[in-house]
Structures are given as structure tokens and as C-alpha cells.
>>> print(open('input.cif').read())   # mmCIF, C-alpha atoms
data_data
#
loop_
_atom_site.group_PDB
_atom_site.id
_atom_site.type_symbol
_atom_site.label_atom_id
_atom_site.label_comp_id
_atom_site.auth_asym_id
_atom_site.auth_seq_id
_atom_site.Cartn_x
_atom_site.Cartn_y
_atom_site.Cartn_z
ATOM 1 C CA MET A 244 30.527 19.778 54.062
ATOM 2 C CA SER A 245 30.895 16.614 51.985
ATOM 3 C CA THR A 246 27.936 14.321 51.573
ATOM 4 C CA ARG A 247 28.553 10.668 52.357
ATOM 5 C CA THR A 248 30.385 9.007 49.503
ATOM 6 C CA HIS A 249 28.665 5.690 50.265
ATOM 7 C CA ILE A 250 25.122 4.596 51.027
ATOM 8 C CA THR A 251 24.488 1.849 53.596
ATOM 9 C CA LEU A 252 21.720 -0.348 52.220
ATOM 10 C CA ASN A 253 19.106 -2.007 54.430
ATOM 11 C CA ASN A 254 21.148 -5.216 54.680
ATOM 12 C CA GLY A 255 24.352 -3.402 55.676
ATOM 13 C CA VAL A 256 26.011 -3.511 52.246
ATOM 14 C CA GLU A 257 27.903 -0.327 51.364
ATOM 15 C CA MET A 258 27.198 1.121 47.914
ATOM 16 C CA PRO A 259 29.026 4.106 46.364
ATOM 17 C CA ALA A 260 26.626 7.033 46.120
ATOM 18 C CA VAL A 261 27.792 8.056 42.637
ATOM 19 C CA GLY A 262 28.026 5.504 39.854
ATOM 20 C CA LEU A 263 28.394 5.517 36.104
ATOM 21 C CA GLY A 264 25.296 4.588 34.134
ATOM 22 C CA VAL A 265 25.684 2.961 30.709
ATOM 23 C CA PHE A 266 22.075 3.047 29.461
ATOM 24 C CA GLN A 267 22.047 3.338 25.643
ATOM 25 C CA THR A 268 25.839 3.403 25.543
ATOM 26 C CA PRO A 269 26.912 1.354 22.516
ATOM 27 C CA PRO A 270 29.060 -1.664 23.424
ATOM 28 C CA GLU A 271 32.106 -0.254 21.630
ATOM 29 C CA GLU A 272 31.879 2.978 23.672
ATOM 30 C CA THR A 273 31.090 1.263 26.969
ATOM 31 C CA ARG A 274 34.620 -0.038 27.555
ATOM 32 C CA SER A 275 36.234 3.384 27.241
ATOM 33 C CA ALA A 276 33.530 5.073 29.345
ATOM 34 C CA VAL A 277 33.919 2.566 32.176
ATOM 35 C CA GLU A 278 37.715 2.783 31.984
ATOM 36 C CA ALA A 279 37.504 6.596 32.187
ATOM 37 C CA ALA A 280 35.133 6.370 35.150
ATOM 38 C CA LEU A 281 37.313 3.957 37.095
ATOM 39 C CA SER A 282 40.345 6.131 36.361
ATOM 40 C CA ALA A 283 38.427 9.173 37.686
ATOM 41 C CA GLY A 284 37.654 7.400 40.965
ATOM 42 C CA TYR A 285 34.237 5.858 40.360
ATOM 43 C CA ARG A 286 33.767 2.488 42.030
ATOM 44 C CA HIS A 287 30.155 1.821 41.011
ATOM 45 C CA ILE A 288 28.962 0.846 37.523
ATOM 46 C CA ASP A 289 25.277 0.380 36.662
ATOM 47 C CA THR A 290 24.333 -1.722 33.642
ATOM 48 C CA ALA A 291 21.491 -4.068 32.646
ATOM 49 C CA ALA A 292 20.898 -7.217 30.641
ATOM 50 C CA ALA A 293 18.698 -5.200 28.267
ATOM 51 C CA TYR A 294 21.473 -2.684 27.554
ATOM 52 C CA GLY A 295 23.554 -5.249 25.669
ATOM 53 C CA ASN A 296 26.832 -4.018 27.152
ATOM 54 C CA GLU A 297 27.409 -6.109 30.286
ATOM 55 C CA ARG A 298 30.323 -7.912 28.624
ATOM 56 C CA GLN A 299 32.100 -4.642 27.865
ATOM 57 C CA VAL A 300 31.576 -3.429 31.445
ATOM 58 C CA GLY A 301 33.229 -6.597 32.735
ATOM 59 C CA GLU A 302 36.105 -6.300 30.281
ATOM 60 C CA ALA A 303 36.735 -2.681 31.267
ATOM 61 C CA VAL A 304 36.776 -3.532 34.986
ATOM 62 C CA LEU A 305 39.250 -6.351 34.353
ATOM 63 C CA LYS A 306 41.470 -4.166 32.158
ATOM 64 C CA SER A 307 41.447 -1.286 34.652
ATOM 65 C CA GLY A 308 43.539 -3.135 37.190
ATOM 66 C CA VAL A 309 41.197 -1.981 39.967
ATOM 67 C CA ASP A 310 40.577 -4.861 42.348
ATOM 68 C CA ARG A 311 37.221 -6.518 41.658
ATOM 69 C CA THR A 312 36.266 -6.287 45.332
ATOM 70 C CA ASP A 313 36.598 -2.489 45.111
ATOM 71 C CA VAL A 314 34.097 -2.134 42.246
ATOM 72 C CA PHE A 315 30.349 -2.265 42.941
ATOM 73 C CA LEU A 316 28.606 -3.823 39.926
ATOM 74 C CA GLU A 317 24.858 -3.413 39.514
ATOM 75 C CA THR A 318 22.745 -4.977 36.781
ATOM 76 C CA LYS A 319 19.117 -5.744 36.006
ATOM 77 C CA ILE A 320 16.950 -8.666 34.925
ATOM 78 C CA TRP A 321 14.766 -7.816 31.914
ATOM 79 C CA ILE A 322 11.043 -8.707 31.830
ATOM 80 C CA SER A 323 11.633 -11.362 29.140
ATOM 81 C CA ASP A 324 13.489 -13.369 31.792
ATOM 82 C CA TYR A 325 10.795 -13.062 34.489
ATOM 83 C CA GLY A 326 9.669 -16.213 36.255
ATOM 84 C CA TYR A 327 11.584 -18.098 38.951
ATOM 85 C CA ASP A 328 13.788 -20.384 36.836
ATOM 86 C CA GLN A 329 14.162 -17.808 34.075
ATOM 87 C CA THR A 330 15.513 -15.218 36.529
ATOM 88 C CA LEU A 331 17.970 -17.692 38.035
ATOM 89 C CA HIS A 332 19.216 -18.260 34.487
ATOM 90 C CA GLY A 333 19.175 -14.507 33.869
ATOM 91 C CA PHE A 334 21.631 -14.126 36.736
ATOM 92 C CA GLU A 335 23.920 -16.735 35.148
ATOM 93 C CA LYS A 336 23.833 -14.923 31.806
ATOM 94 C CA SER A 337 24.668 -11.574 33.386
ATOM 95 C CA ALA A 338 27.367 -12.949 35.674
ATOM 96 C CA ARG A 339 29.087 -14.715 32.769
ATOM 97 C CA LYS A 340 28.992 -11.611 30.582
ATOM 98 C CA LEU A 341 30.375 -9.507 33.426
ATOM 99 C CA GLY A 342 33.011 -12.172 34.074
ATOM 100 C CA ILE A 343 32.221 -12.429 37.781
ATOM 101 C CA ASP A 344 30.873 -14.984 40.249
ATOM 102 C CA GLN A 345 28.970 -12.582 42.490
ATOM 103 C CA ILE A 346 26.887 -9.536 41.501
ATOM 104 C CA ASP A 347 26.834 -6.708 44.034
ATOM 105 C CA LEU A 348 23.286 -5.514 43.310
ATOM 106 C CA LEU A 349 20.790 -7.351 41.116
ATOM 107 C CA ILE A 350 17.432 -5.713 40.495
ATOM 108 C CA LEU A 351 14.258 -6.305 38.472
ATOM 109 C CA HIS A 352 14.259 -3.774 35.626
ATOM 110 C CA GLN A 353 10.509 -3.090 35.608
ATOM 111 C CA ALA A 354 7.311 -4.181 37.258
ATOM 112 C CA LEU A 355 5.167 -6.251 34.911
ATOM 113 C CA PRO A 356 1.709 -5.135 36.073
ATOM 114 C CA SER A 357 -0.251 -7.289 33.618
ATOM 115 C CA GLU A 358 1.565 -10.417 34.840
ATOM 116 C CA PHE A 359 2.563 -9.444 38.347
ATOM 117 C CA ASP A 360 2.768 -13.060 39.514
ATOM 118 C CA ARG A 361 5.738 -13.444 37.169
ATOM 119 C CA THR A 362 7.293 -10.357 38.733
ATOM 120 C CA LEU A 363 6.847 -11.911 42.188
ATOM 121 C CA GLU A 364 8.380 -15.215 41.037
ATOM 122 C CA SER A 365 11.369 -13.316 39.686
ATOM 123 C CA TYR A 366 11.797 -11.512 42.978
ATOM 124 C CA ARG A 367 11.623 -14.858 44.781
ATOM 125 C CA ALA A 368 14.529 -15.950 42.569
ATOM 126 C CA LEU A 369 16.471 -12.857 43.645
ATOM 127 C CA GLU A 370 15.842 -13.848 47.272
ATOM 128 C CA THR A 371 17.263 -17.303 46.507
ATOM 129 C CA LEU A 372 20.344 -15.799 44.851
ATOM 130 C CA LEU A 373 20.826 -13.550 47.882
ATOM 131 C CA ALA A 374 20.506 -16.468 50.302
ATOM 132 C CA ASP A 375 23.011 -18.455 48.223
ATOM 133 C CA GLY A 376 25.544 -15.614 48.295
ATOM 134 C CA LYS A 377 25.463 -15.129 44.527
ATOM 135 C CA VAL A 378 24.353 -11.514 44.943
ATOM 136 C CA ARG A 379 25.116 -9.118 47.798
ATOM 137 C CA ALA A 380 21.903 -7.091 47.584
ATOM 138 C CA ILE A 381 18.637 -7.206 45.632
ATOM 139 C CA GLY A 382 16.114 -4.626 44.553
ATOM 140 C CA VAL A 383 13.779 -3.293 41.908
ATOM 141 C CA SER A 384 13.565 -0.522 39.341
ATOM 142 C CA ASN A 385 10.664 1.625 38.130
ATOM 143 C CA PHE A 386 8.334 0.226 40.820
ATOM 144 C CA MET A 387 5.515 2.533 41.859
ATOM 145 C CA VAL A 388 3.820 2.536 45.279
ATOM 146 C CA GLU A 389 1.216 -0.022 44.226
ATOM 147 C CA HIS A 390 3.913 -2.377 42.923
ATOM 148 C CA LEU A 391 6.026 -2.007 46.061
ATOM 149 C CA THR A 392 2.968 -2.561 48.251
ATOM 150 C CA ALA A 393 2.049 -5.780 46.443
ATOM 151 C CA LEU A 394 5.664 -6.958 46.533
ATOM 152 C CA LEU A 395 6.104 -6.314 50.257
ATOM 153 C CA GLU A 396 2.975 -8.354 50.997
ATOM 154 C CA ARG A 397 4.661 -11.431 49.515
ATOM 155 C CA ALA A 398 8.404 -10.869 49.793
ATOM 156 C CA SER A 399 10.569 -12.178 52.608
ATOM 157 C CA VAL A 400 13.356 -9.676 51.843
ATOM 158 C CA VAL A 401 12.639 -5.948 51.590
ATOM 159 C CA PRO A 402 14.247 -4.559 48.406
ATOM 160 C CA ALA A 403 17.446 -2.679 49.147
ATOM 161 C CA VAL A 404 16.977 -0.284 46.231
ATOM 162 C CA ASN A 405 14.288 1.109 43.949
ATOM 163 C CA GLN A 406 15.940 2.725 40.915
ATOM 164 C CA ILE A 407 13.534 5.291 39.457
ATOM 165 C CA GLU A 408 13.486 8.357 37.236
ATOM 166 C CA VAL A 409 14.274 11.328 39.484
ATOM 167 C CA HIS A 410 15.471 14.751 38.390
ATOM 168 C CA PRO A 411 14.400 18.340 39.132
ATOM 169 C CA TYR A 412 11.498 18.149 36.665
ATOM 170 C CA PHE A 413 10.168 14.807 37.941
ATOM 171 C CA ALA A 414 10.723 14.018 41.608
ATOM 172 C CA GLN A 415 8.325 11.107 42.308
ATOM 173 C CA ARG A 416 8.129 12.167 45.956
ATOM 174 C CA GLU A 417 5.344 9.730 46.838
ATOM 175 C CA VAL A 418 7.439 6.775 45.658
ATOM 176 C CA GLN A 419 10.505 8.127 47.450
ATOM 177 C CA ALA A 420 8.574 8.624 50.685
ATOM 178 C CA PHE A 421 7.118 5.117 50.555
ATOM 179 C CA GLY A 422 10.585 3.702 49.994
ATOM 180 C CA ALA A 423 12.045 5.671 52.894
ATOM 181 C CA LYS A 424 9.275 4.451 55.189
ATOM 182 C CA HIS A 425 10.145 0.838 54.376
ATOM 183 C CA GLY A 426 13.934 1.138 54.232
ATOM 184 C CA ILE A 427 14.124 1.017 50.430
ATOM 185 C CA HIS A 428 16.834 3.323 49.098
ATOM 186 C CA THR A 429 15.989 5.561 46.121
ATOM 187 C CA GLN A 430 18.529 5.496 43.318
ATOM 188 C CA ALA A 431 17.995 8.117 40.615
ATOM 189 C CA TRP A 432 18.276 7.306 36.946
ATOM 190 C CA SER A 433 18.462 10.269 34.547
ATOM 191 C CA PRO A 434 19.585 12.273 37.609
ATOM 192 C CA ILE A 435 20.631 15.334 35.613
ATOM 193 C CA GLY A 436 17.478 15.199 33.533
ATOM 194 C CA GLY A 437 18.891 13.829 30.311
ATOM 195 C CA ILE A 438 15.421 12.575 29.515
ATOM 196 C CA THR A 439 13.867 16.043 29.893
ATOM 197 C CA PHE A 440 14.402 17.328 26.373
ATOM 198 C CA TYR A 441 10.677 16.751 25.864
ATOM 199 C CA ARG A 442 9.959 19.808 28.030
ATOM 200 C CA ALA A 443 8.322 22.658 26.105
ATOM 201 C CA GLY A 444 9.066 26.329 26.594
ATOM 202 C CA SER A 445 12.118 28.542 26.738
ATOM 203 C CA HIS A 446 14.145 26.102 28.831
ATOM 204 C CA ASP A 447 13.422 22.628 27.505
ATOM 205 C CA SER A 448 16.275 21.045 29.403
ATOM 206 C CA THR A 449 17.258 20.984 33.060
ATOM 207 C CA LEU A 450 20.773 21.917 31.914
ATOM 208 C CA ARG A 451 19.400 25.251 30.664
ATOM 209 C CA ASP A 452 16.970 25.895 33.505
ATOM 210 C CA PRO A 453 17.555 29.440 34.814
ATOM 211 C CA VAL A 454 16.983 28.456 38.463
ATOM 212 C CA ILE A 455 19.585 25.712 38.281
ATOM 213 C CA GLY A 456 21.877 27.967 36.225
ATOM 214 C CA GLU A 457 21.779 30.710 38.838
ATOM 215 C CA ILE A 458 22.631 28.254 41.630
ATOM 216 C CA ALA A 459 25.461 26.815 39.530
ATOM 217 C CA GLN A 460 26.876 30.272 38.939
ATOM 218 C CA ALA A 461 26.748 31.052 42.657
ATOM 219 C CA HIS A 462 28.887 28.009 43.408
ATOM 220 C CA GLY A 463 31.166 28.189 40.379
ATOM 221 C CA ARG A 464 29.843 24.797 39.299
ATOM 222 C CA THR A 465 28.005 23.366 36.305
ATOM 223 C CA PRO A 466 24.236 22.756 36.257
ATOM 224 C CA ALA A 467 24.927 19.010 36.152
ATOM 225 C CA GLN A 468 27.040 19.193 39.306
ATOM 226 C CA VAL A 469 24.337 21.203 41.081
ATOM 227 C CA MET A 470 21.684 18.614 40.220
ATOM 228 C CA LEU A 471 23.856 15.720 41.370
ATOM 229 C CA ARG A 472 24.596 17.584 44.602
ATOM 230 C CA TRP A 473 20.819 18.135 45.096
ATOM 231 C CA HIS A 474 20.289 14.369 44.919
ATOM 232 C CA LEU A 475 23.146 13.546 47.264
ATOM 233 C CA GLN A 476 22.112 16.071 49.914
ATOM 234 C CA GLN A 477 18.606 14.592 49.879
ATOM 235 C CA GLY A 478 19.975 11.085 50.431
ATOM 236 C CA ARG A 479 19.666 9.582 46.966
ATOM 237 C CA SER A 480 22.376 7.797 45.012
ATOM 238 C CA VAL A 481 22.893 8.690 41.355
ATOM 239 C CA ILE A 482 24.086 6.984 38.174
ATOM 240 C CA PRO A 483 24.756 9.784 35.663
ATOM 241 C CA LYS A 484 25.540 8.621 32.152
ATOM 242 C CA SER A 485 28.256 10.011 29.913
ATOM 243 C CA THR A 486 30.777 8.723 27.393
ATOM 244 C CA ARG A 487 32.899 11.895 27.438
ATOM 245 C CA PRO A 488 35.883 11.643 29.823
ATOM 246 C CA GLU A 489 35.665 15.297 30.877
ATOM 247 C CA ARG A 490 31.961 14.956 31.738
ATOM 248 C CA ILE A 491 32.609 11.702 33.579
ATOM 249 C CA VAL A 492 35.193 13.497 35.721
ATOM 250 C CA GLU A 493 32.890 16.492 36.234
ATOM 251 C CA ASN A 494 30.002 14.312 37.399
ATOM 252 C CA PHE A 495 32.171 12.756 40.099
ATOM 253 C CA ASP A 496 33.443 16.078 41.438
ATOM 254 C CA VAL A 497 30.437 16.794 43.643
ATOM 255 C CA PHE A 498 31.597 16.139 47.187
ATOM 256 C CA ASP A 499 33.282 19.422 48.141
ATOM 257 C CA PHE A 500 30.477 21.966 48.015
ATOM 258 C CA ALA A 501 26.986 22.209 49.520
ATOM 259 C CA LEU A 502 23.693 23.730 48.456
ATOM 260 C CA THR A 503 21.778 25.821 50.967
ATOM 261 C CA ASP A 504 18.328 24.826 52.176
ATOM 262 C CA LYS A 505 16.921 27.672 50.070
ATOM 263 C CA GLN A 506 18.698 26.375 46.971
ATOM 264 C CA LEU A 507 17.499 22.824 47.584
ATOM 265 C CA ALA A 508 13.935 24.120 47.947
ATOM 266 C CA ALA A 509 14.239 26.154 44.740
ATOM 267 C CA ILE A 510 15.226 23.018 42.808
ATOM 268 C CA ASP A 511 12.415 21.070 44.503
ATOM 269 C CA GLY A 512 10.030 23.715 43.175
ATOM 270 C CA LEU A 513 10.831 22.823 39.551
ATOM 271 C CA ASP A 514 8.927 19.526 39.649
ATOM 272 C CA THR A 515 6.433 19.316 36.768
ATOM 273 C CA GLY A 516 5.035 15.870 37.541
ATOM 274 C CA ARG A 517 5.781 14.908 33.941
ATOM 275 C CA ARG A 518 7.480 11.552 33.424
ATOM 276 C CA GLY A 519 10.135 11.271 30.725
ATOM 277 C CA GLY A 520 10.364 7.486 30.612
ATOM 278 C CA PRO A 521 7.585 5.033 29.758
ATOM 279 C CA GLU A 522 4.547 4.804 31.991
ATOM 280 C CA PRO A 523 5.028 1.789 34.301
ATOM 281 C CA SER A 524 1.505 0.620 33.458
ATOM 282 C CA ASP A 525 2.486 0.415 29.770
ATOM 283 C CA ILE A 526 5.209 -2.185 30.359
ATOM 284 C CA THR A 527 4.001 -5.472 28.881
ATOM 285 C CA LEU A 528 5.697 -8.447 27.281
ATOM 286 C CA ALA A 529 3.793 -7.711 24.077
ATOM 287 C CA THR A 530 5.294 -4.242 23.737
ATOM 288 C CA PHE A 531 8.665 -4.472 25.516
ATOM 289 C CA SER A 532 9.806 -8.084 25.223
ATOM 290 C CA LYS A 533 13.298 -8.677 23.867
ATOM 291 C CA VAL A 534 15.441 -11.791 23.870
ATOM 292 C CA ILE A 535 18.436 -11.504 26.200
ATOM 293 C CA PRO A 536 21.227 -13.488 24.499
ATOM 294 C CA GLU A 537 23.151 -16.230 26.232
ATOM 295 C CA ALA A 538 26.602 -15.372 27.528
#
>>> encode(input="input.cif", output="C-alpha cells")
Amino acid sequence: MSTRTHITLNNGVEMPAVGLGVFQTPPEETRSAVEAALSAGYRHIDTAAAYGNERQVGEAVLKSGVDRTDVFLETKIWISDYGYDQTLHGFEKSARKLGIDQIDLLILHQALPSEFDRTLESYRALETLLADGKVRAIGVSNFMVEHLTALLERASVVPAVNQIEVHPYFAQREVQAFGAKHGIHTQAWSPIGGITFYRAGSHDSTLRDPVIGEIAQAHGRTPAQVMLRWHLQQGRSVIPKSTRPERIVENFDVFDFALTDKQLAAIDGLDTGRRGGPEPSDITLATFSKVIPEA
């Protein structure tokens, strides 16, 4: 019944299928959230240079007593550090803040469509870091089909991961299908639809969606657990975010029940095609640039 607890990436690296996300988690709350996650059994933490909490993630891992080799650490290079040399330095900044020598998965946080050559140079830097053993796997985030297509034409290493917004109200099936065709694993951010509060109508949140609620009731589970299970059964990995210990535990307790094909299809049918995050085409240095501090 249980879904695989780990995903095998296209270069053979094993990645835990459920991780803790720390997007928008204040630094002072990040330590306790990561400690709670590691105590609950998580062995995958997702952060980013732009989140401003890499240092606290590293401190929590060290304090936890869990062996470093047992914790999969994922982080992201922000667009302000795009360019070959800048991305190599971006790795150094992140590694120092995390307090580690090797990052398990390093990805580009966004495509930069208006300056895609810089995006390509950054990816070339990731390939160098991979070849040098400084990272175990490389990938991208928020890349659409056109970005992946342009990248694959120039890259020597196929990205292991594309981390994108995926939840029942926004499935991005075309991007997922393209990734699957090329061996690029889809990792879902906002997997339980935390970004869906924009949705109008009587159920403006996936957590209050009657279809999901009915399935949750049938299994004696929460809506969040049902959504995470939906992802896992369809082969995606997930990085749900929470700072509450009880929610962190709940989000990890998703391996001992299974949704039926009919239930999976019912959740698939909720897709609205409406993105919650920024449009990838809107990402520019003029609008989204921010200085990533030195370690």
C-alpha cells in the first residue's frame, strides 16, 4: 500500500519523497520547524538563498544530532546571482550558511526569460559544481516547457528536478508530462494549495474543498494528508511548509493509506488552470532582484 518513501533521480541519487519547505518561514521560526521535522522523521529540507533562512536550517540540522549524511538538503540560487561566476559564488554562500561542504540538490530558483543567456550560464555553473562533487544533483524551479526546451538544447546534464507549483487547483500537466518524457522529476511546491486562498467562491481554499473533504472523511484523514497522498501516488515529491509541530507530524504521516483511482481522478478534476504564484514571464531582475548577503 505504501508509496515509495524515496525518489530515484535521473543520476541515481535517492531523494526523500516528503520534505519540509521553509518558504517565508522567519529565521527565528526556521530552527524550531526544522528540528520538529527531523524529530518527526523527515530527512529532506528545502530552502533557498532568497528565503534568508539557510543558516538556521544548517544550525537546526547540526543541533538535531541526525547524521549529516542522512539529511537531504536542497537549496536554490536566486536570479540576482545568475551568471557563471556569480552562481559558483552563490553556491559558496549557501554552503557556508548551511555549514556544509556538499549540497545534495542545488537548483535555479526561476527562469530569467528576458536574460535567458544568464540562466544558461548559471546552469553551466551547476554542471561544473556537479562534476566537481560539490553538489550531488542539480535542477531548476518554475521552468515552463519553453524554458526546459531551450535549456535542454544547450545543457550537457539533464536537470534532475523541476520544482513547480502543483496542487489540486493548478496541476501544470503539460510541464509535468514534458519533464517525465525527459527524465526530469516534478517536485511540488505549495502541494496542499497554501497559495490558493485567492480562489473565489464558497470554497476558496483546497483545505475546504468539498471533494477533497469527502475523500478525507472516507479515509479518516485530513484534507492536507489526502492532497499529499495524491501527489505521492502520481509520482511527485512534495515539500509542504508548516511551523506547527502537530502539522509537521501530520504532513509526514501519509505512507499507510491509498487513494482509489476514482478518488485520484476526482482530485485531478479540480484543476482550474489558475496559477497562484507569479507568472514565469514576469520574472525580471528589475522587478525581482534582491541582494543575497555573504555568508
>>> closest_residue(input="input.cif", among="A:Leu355, A:Glu272, A:Gln406, A:Phe413", to="A:Ala529", atoms="all atoms listed in the file")
A:Leu355
>>> atom_distance(input="input.cif", atom1="atom CA of A:Val534", atom2="atom CA of A:Gln299")
18.6 Å
>>> closest_residue(input="input.cif", among="A:Arg479, A:Val401, A:Leu369, A:Gly382", to="A:Gln419", atoms="only C-alpha atoms")
A:Arg479
>>> closest_atom_pairs(input="input.cif", of="stretch 458-483 of chain A", to="stretch 254-268 of chain A", cutoff="12 Å", atoms="all atoms listed in the file", output="JSON lines")
{"residue": "A:Gln468", "atom": "CA", "partner": "A:Val261", "partner_atom": "CA", "distance": 11.6}
{"residue": "A:Leu471", "atom": "CA", "partner": "A:Val261", "partner_atom": "CA", "distance": 8.7}
{"residue": "A:Arg472", "atom": "CA", "partner": "A:Val261", "partner_atom": "CA", "distance": 10.2}
{"residue": "A:His474", "atom": "CA", "partner": "A:Ala260", "partner_atom": "CA", "distance": 9.8}
{"residue": "A:Leu475", "atom": "CA", "partner": "A:Ala260", "partner_atom": "CA", "distance": 7.5}
{"residue": "A:Gln476", "atom": "CA", "partner": "A:Ala260", "partner_atom": "CA", "distance": 10.8}
{"residue": "A:Gln477", "atom": "CA", "partner": "A:Ala260", "partner_atom": "CA", "distance": 11.6}
{"residue": "A:Gly478", "atom": "CA", "partner": "A:Ala260", "partner_atom": "CA", "distance": 8.9}
{"residue": "A:Arg479", "atom": "CA", "partner": "A:Ala260", "partner_atom": "CA", "distance": 7.5}
{"residue": "A:Ser480", "atom": "CA", "partner": "A:Ala260", "partner_atom": "CA", "distance": 4.5}
{"residue": "A:Val481", "atom": "CA", "partner": "A:Val261", "partner_atom": "CA", "distance": 5.1}
{"residue": "A:Ile482", "atom": "CA", "partner": "A:Gly262", "partner_atom": "CA", "distance": 4.5}
{"residue": "A:Pro483", "atom": "CA", "partner": "A:Gly264", "partner_atom": "CA", "distance": 5.4}
>>> residues_around(input="input.cif", residues="A:Leu513", least_positions_apart="6", cutoff="9 Å", atoms="all atoms listed in the file", output="PyMOL selection string")
chain A and resi 411-413+454
>>> resolve_selection(input="input.cif", expression="the PyMOL selection byres ((chain A and resi 304-316) around 12)", output="PyMOL selection string")
chain A and resi 249-250+256-265+273-291+297-303+317-319+337-338+341-350+378-381+482
>>> residues_near_point(input="input.cif", point="(1.2, -7.2, 36.2)", cutoff="12 Å", atoms="all atoms listed in the file", output="PDB file with C-alpha atoms, in the frame of the given file")
ATOM      1  CA  ILE A 322      11.043  -8.707  31.830  1.00  0.00           C
ATOM      2  CA  TYR A 325      10.795 -13.062  34.489  1.00  0.00           C
ATOM      3  CA  GLN A 353      10.509  -3.090  35.608  1.00  0.00           C
ATOM      4  CA  ALA A 354       7.311  -4.181  37.258  1.00  0.00           C
ATOM      5  CA  LEU A 355       5.167  -6.251  34.911  1.00  0.00           C
ATOM      6  CA  PRO A 356       1.709  -5.135  36.073  1.00  0.00           C
ATOM      7  CA  SER A 357      -0.251  -7.289  33.618  1.00  0.00           C
ATOM      8  CA  GLU A 358       1.565 -10.417  34.840  1.00  0.00           C
ATOM      9  CA  PHE A 359       2.563  -9.444  38.347  1.00  0.00           C
ATOM     10  CA  ASP A 360       2.768 -13.060  39.514  1.00  0.00           C
ATOM     11  CA  ARG A 361       5.738 -13.444  37.169  1.00  0.00           C
ATOM     12  CA  THR A 362       7.293 -10.357  38.733  1.00  0.00           C
ATOM     13  CA  LEU A 363       6.847 -11.911  42.188  1.00  0.00           C
ATOM     14  CA  GLU A 364       8.380 -15.215  41.037  1.00  0.00           C
ATOM     15  CA  PHE A 386       8.334   0.226  40.820  1.00  0.00           C
ATOM     16  CA  GLU A 389       1.216  -0.022  44.226  1.00  0.00           C
ATOM     17  CA  HIS A 390       3.913  -2.377  42.923  1.00  0.00           C
ATOM     18  CA  ALA A 393       2.049  -5.780  46.443  1.00  0.00           C
ATOM     19  CA  LEU A 394       5.664  -6.958  46.533  1.00  0.00           C
ATOM     20  CA  PRO A 523       5.028   1.789  34.301  1.00  0.00           C
ATOM     21  CA  SER A 524       1.505   0.620  33.458  1.00  0.00           C
ATOM     22  CA  ASP A 525       2.486   0.415  29.770  1.00  0.00           C
ATOM     23  CA  ILE A 526       5.209  -2.185  30.359  1.00  0.00           C
ATOM     24  CA  THR A 527       4.001  -5.472  28.881  1.00  0.00           C
ATOM     25  CA  LEU A 528       5.697  -8.447  27.281  1.00  0.00           C
TER      26      LEU A 528
END
>>> atom_distance(input="input.cif", atom1="atom CA of A:Lys340", atom2="atom CA of A:Ala538")
5.4 Å
>>> atom_distance(input="input.cif", atom1="atom CA of A:Pro402", atom2="atom CA of A:Ala467")
28.6 Å
>>> closest_residue(input="input.cif", among="A:Thr530, A:Ser433, A:Gln506, A:Ser485", to="A:Arg518", atoms="all atoms listed in the file")
A:Ser433
>>> resolve_selection(input="input.cif", expression="the PyMOL selection byres ((chain A and resi 509) around 12)", output="list in words")
Pro411, Tyr412, Asp452, Pro453, Val454, Ile455, Gly456, Glu457, Ile458, Val469, Met470, Trp473, Leu502, Thr503, Asp504, Lys505, Gln506, Leu507, Ala508, Ile510, Asp511, Gly512, Leu513 and Asp514 of chain A
>>> closest_residue(input="input.cif", among="A:Gly463, A:Tyr327, A:Gly436, A:Val497", to="A:Arg451", atoms="only C-alpha atoms")
A:Gly436
>>> closest_residue(input="input.cif", among="A:Arg339, A:Arg487, A:Arg464, A:Arg367", to="A:Arg397", atoms="all atoms listed in the file")
A:Arg367
>>> resolve_selection(input="input.cif", expression="the PyMOL selection byres ((chain A and resi 519) around 8)", output="ChimeraX atom specification")
/A:408,438-439,441,517-518,520-521
>>> closest_residue(input="input.cif", among="A:Ala459, A:Leu252, A:Ile320, A:Ile435", to="A:Phe500", atoms="all atoms listed in the file")
A:Ala459
